[in-house]
Amino acid sequence: MALTPRQSDRAAGVLLGTAAGDALGAGYEFTHPTAGTVVDMIGGGPFDWAPGEWTDDTSMAAAVALAARGGVDIGVGAGLDSVAANFVAWYDTKPADIGNQTRAVLGFRSPSAAAMTAQAALLTGRAGGNGSLMRTAPVALAYLDDPQRCVDAAAAVSALTHSDPRAGEACQMWSFAIRHAVLEGNFDGVRSWLATSDAADFWRPLLDEAEEGEPADFANNGWVVHALQTSWWAIVRADGSGPEHLIRALELCVLAGGDTDTTAAIAGGLLGARWGASAVPQNWRDMLHGYPFLTGEGLVAIAAAITGGTS
């Protein structure tokens, strides 16, 4: 579909915002910063990231986005196979950071999306980590013209590694909201998704809790539900009166502690969709880099290749 210049900027912000949040949070992962901590893109953290280097969150989002270039349908068939193959190719680089659940699935090096999804479904124990939500943002870019295909694809891409239905629902909600934000320039898609889903009764009170509560109320943000709540809390709680909202909300994700790179990456995808690539500070944009040999500008170019827009 044809995008206005403003919509194109917001589309470019989806991947760029994801990466910015990811790299910002990377240096604080698994910590709980004290009140008053000045948050910056310092690198470091448990995996000694370089300043501006993104983690597995954006690397896997890039794998999804690369499969979607040129308007490919990544929710089914060869498109979904391409996403799965890109995940395996990334896994084969022996990344420094990879979630346990994702590692358990990708270690089988499945030859197709169907085989990978089946392998994910065989995992026992907890299967509701935040690892599919962190990478879901680019799904929205592939389906700006079709909300139903957007949520269907979000569930399919999630299921490649995460069989828990809550993980799939979280990806559907967030992808739906990102799509809406690119087109309409607001966050209304989060609540609008509830009207389309059979899981609304589960998620509505959790969104209420995120809007009214504090991070301690959803502190286990390695779990997909608490990760989404933390990200939504930061978006709602930060001053949203202008584009600086993106920076403020990402900083709040980091200050919330825990899985800081992932909650900030999740929030960043939606914030970038709302405020655009132009809201990401230029010094952050210049620093961003990571797998597969991409920079912030490379992510913007991929977004344009998916949507047919310009940047």
# chains A, B, ... in the order shown; residues from 1 in each chain; ligands from 1
>>> residues_around(residues="A:Met60", least_positions_apart="6", cutoff="10 Å", atoms="only C-alpha atoms", output="list in words")
Leu66, Val83, Asn86, Phe87, Trp90, Tyr91, Ile98, Gly131, Ser132, Met134, Arg135, Thr136, Tyr291 and Pro292 of chain A
>>> write_last_selection(atoms="all heavy atoms", output="CSV table (one decimal), in the first residue's frame")
chain,number,residue,atom,x,y,z
A,66,LEU,N,14.2,-9.6,7.2
A,66,LEU,CA,14.9,-9.9,6.0
A,66,LEU,C,14.0,-10.8,5.1
A,66,LEU,O,14.0,-10.8,3.9
A,66,LEU,CB,16.2,-10.5,6.3
A,66,LEU,CG,17.3,-9.5,6.8
A,66,LEU,CD1,18.5,-10.2,7.3
A,66,LEU,CD2,17.7,-8.5,5.7
A,83,VAL,N,11.8,-17.5,7.2
A,83,VAL,CA,12.0,-17.0,8.6
A,83,VAL,C,12.7,-18.1,9.4
A,83,VAL,O,13.7,-17.8,10.1
A,83,VAL,CB,10.7,-16.6,9.2
A,83,VAL,CG1,10.9,-16.2,10.7
A,83,VAL,CG2,10.0,-15.4,8.5
A,86,ASN,N,16.3,-18.4,8.4
A,86,ASN,CA,17.1,-17.2,8.9
A,86,ASN,C,17.4,-17.4,10.4
A,86,ASN,O,18.4,-17.0,10.9
A,86,ASN,CB,16.3,-15.9,8.7
A,86,ASN,CG,16.3,-15.5,7.3
A,86,ASN,OD1,17.0,-16.1,6.4
A,86,ASN,ND2,15.6,-14.5,6.9
A,87,PHE,N,16.4,-18.0,11.2
A,87,PHE,CA,16.7,-18.2,12.6
A,87,PHE,C,17.8,-19.2,12.7
A,87,PHE,O,18.7,-19.1,13.6
A,87,PHE,CB,15.4,-18.8,13.3
A,87,PHE,CG,14.4,-17.8,13.5
A,87,PHE,CD1,13.1,-18.2,14.0
A,87,PHE,CD2,14.6,-16.4,13.4
A,87,PHE,CE1,12.1,-17.3,14.2
A,87,PHE,CE2,13.6,-15.5,13.6
A,87,PHE,CZ,12.3,-16.0,14.0
A,90,TRP,N,21.2,-17.7,11.9
A,90,TRP,CA,21.7,-16.9,13.1
A,90,TRP,C,22.2,-17.8,14.2
A,90,TRP,O,23.2,-17.5,14.7
A,90,TRP,CB,20.5,-16.0,13.6
A,90,TRP,CG,20.8,-15.4,14.9
A,90,TRP,CD1,21.7,-14.3,15.2
A,90,TRP,CD2,20.2,-15.7,16.2
A,90,TRP,NE1,21.6,-14.0,16.5
A,90,TRP,CE2,20.7,-14.8,17.1
A,90,TRP,CE3,19.2,-16.6,16.5
A,90,TRP,CZ2,20.4,-14.9,18.5
A,90,TRP,CZ3,18.8,-16.7,17.9
A,90,TRP,CH2,19.4,-15.8,18.8
A,91,TYR,N,21.4,-18.9,14.5
A,91,TYR,CA,21.9,-19.8,15.5
A,91,TYR,C,23.2,-20.4,15.2
A,91,TYR,O,24.1,-20.6,16.1
A,91,TYR,CB,20.8,-20.9,15.6
A,91,TYR,CG,21.2,-22.0,16.6
A,91,TYR,CD1,21.0,-21.9,17.9
A,91,TYR,CD2,21.8,-23.2,16.1
A,91,TYR,CE1,21.4,-23.0,18.8
A,91,TYR,CE2,22.2,-24.2,16.9
A,91,TYR,CZ,22.0,-24.1,18.3
A,91,TYR,OH,22.4,-25.1,19.1
A,98,ILE,N,21.3,-16.0,23.7
A,98,ILE,CA,20.1,-16.7,23.1
A,98,ILE,C,19.3,-17.3,24.2
A,98,ILE,O,19.8,-17.9,25.1
A,98,ILE,CB,20.6,-17.7,22.1
A,98,ILE,CG1,19.3,-18.4,21.4
A,98,ILE,CG2,21.5,-18.8,22.6
A,98,ILE,CD1,19.7,-19.3,20.2
A,131,GLY,N,10.7,-14.5,24.3
A,131,GLY,CA,11.6,-14.5,23.1
A,131,GLY,C,10.9,-14.4,21.7
A,131,GLY,O,11.5,-14.1,20.8
A,132,SER,N,9.6,-14.7,21.7
A,132,SER,CA,8.9,-14.4,20.4
A,132,SER,C,8.3,-13.0,20.3
A,132,SER,O,8.3,-12.4,19.3
A,132,SER,CB,7.8,-15.5,20.1
A,132,SER,OG,6.8,-15.4,21.1
A,134,MET,N,9.7,-10.4,21.6
A,134,MET,CA,10.8,-9.4,21.4
A,134,MET,C,11.1,-9.2,19.9
A,134,MET,O,11.6,-8.2,19.5
A,134,MET,CB,12.0,-9.9,22.1
A,134,MET,CG,12.7,-11.0,21.4
A,134,MET,SD,14.1,-11.7,22.4
A,134,MET,CE,14.9,-12.8,21.2
A,135,ARG,N,10.7,-10.2,19.0
A,135,ARG,CA,11.1,-10.1,17.6
A,135,ARG,C,9.9,-9.9,16.7
A,135,ARG,O,10.0,-9.9,15.5
A,135,ARG,CB,11.7,-11.5,17.2
A,135,ARG,CG,10.8,-12.6,17.2
A,135,ARG,CD,11.4,-14.0,16.9
A,135,ARG,NE,10.5,-15.0,16.7
A,135,ARG,CZ,10.5,-16.2,17.4
A,135,ARG,NH1,11.4,-16.5,18.2
A,135,ARG,NH2,9.5,-17.1,17.1
A,136,THR,N,8.7,-9.6,17.3
A,136,THR,CA,7.5,-9.6,16.5
A,136,THR,C,7.2,-8.3,15.7
A,136,THR,O,6.4,-8.3,14.7
A,136,THR,CB,6.2,-9.9,17.4
A,136,THR,OG1,5.2,-10.4,16.6
A,136,THR,CG2,5.8,-8.6,18.1
A,291,TYR,N,24.1,-8.1,14.3
A,291,TYR,CA,23.8,-9.1,13.4
A,291,TYR,C,22.6,-8.8,12.5
A,291,TYR,O,21.6,-8.3,13.0
A,291,TYR,CB,23.5,-10.5,14.1
A,291,TYR,CG,23.2,-11.6,13.1
A,291,TYR,CD1,24.2,-12.4,12.6
A,291,TYR,CD2,21.9,-11.9,12.8
A,291,TYR,CE1,23.9,-13.4,11.7
A,291,TYR,CE2,21.6,-12.9,11.9
A,291,TYR,CZ,22.6,-13.7,11.4
A,291,TYR,OH,22.3,-14.7,10.5
A,292,PRO,N,22.7,-9.1,11.2
A,292,PRO,CA,23.8,-9.6,10.4
A,292,PRO,C,24.6,-8.5,9.7
A,292,PRO,O,24.3,-8.2,8.5
A,292,PRO,CB,23.2,-10.6,9.5
A,292,PRO,CG,21.8,-9.9,9.2
A,292,PRO,CD,21.4,-9.1,10.4
>>> residues_around(residues="A:Val254", least_positions_apart="3", cutoff="12 Å", atoms="only C-alpha atoms", output="PyMOL selection string")
chain A and resi 20-41+215+221+227+230-231+233-234+247-251+257-268
>>> select_by_dssp(residues="stretch 14-98 of chain A", states="alpha helix (DSSP H)", output="number ranges by chain")
A: 14-26, 56-68, 77-91
>>> closest_atom_pairs(of="stretch 124-196 of chain A", to="stretch 101-104 of chain A", cutoff="9 Å", atoms="only C-alpha atoms", output="CSV")
residue,atom,partner,partner_atom,distance
A:Arg126,CA,A:Gln101,CA,8.6
A:Ala127,CA,A:Gln101,CA,6.9
A:Gly128,CA,A:Gln101,CA,8.7
A:Gly129,CA,A:Gln101,CA,7.2
A:Gly131,CA,A:Thr102,CA,7.0
A:Ser132,CA,A:Thr102,CA,8.6
A:Thr161,CA,A:Thr102,CA,5.7
A:His162,CA,A:Gln101,CA,7.5
>>> closest_residue(among="A:Leu194, A:Ala200, A:Ala219, A:Ala63", to="A:Val157", atoms="only C-alpha atoms")
A:Ala63
>>> closest_residue(among="A:Glu214, A:Asn186, A:Met116, A:Leu228", to="A:Cys171", atoms="only C-alpha atoms")
A:Leu228
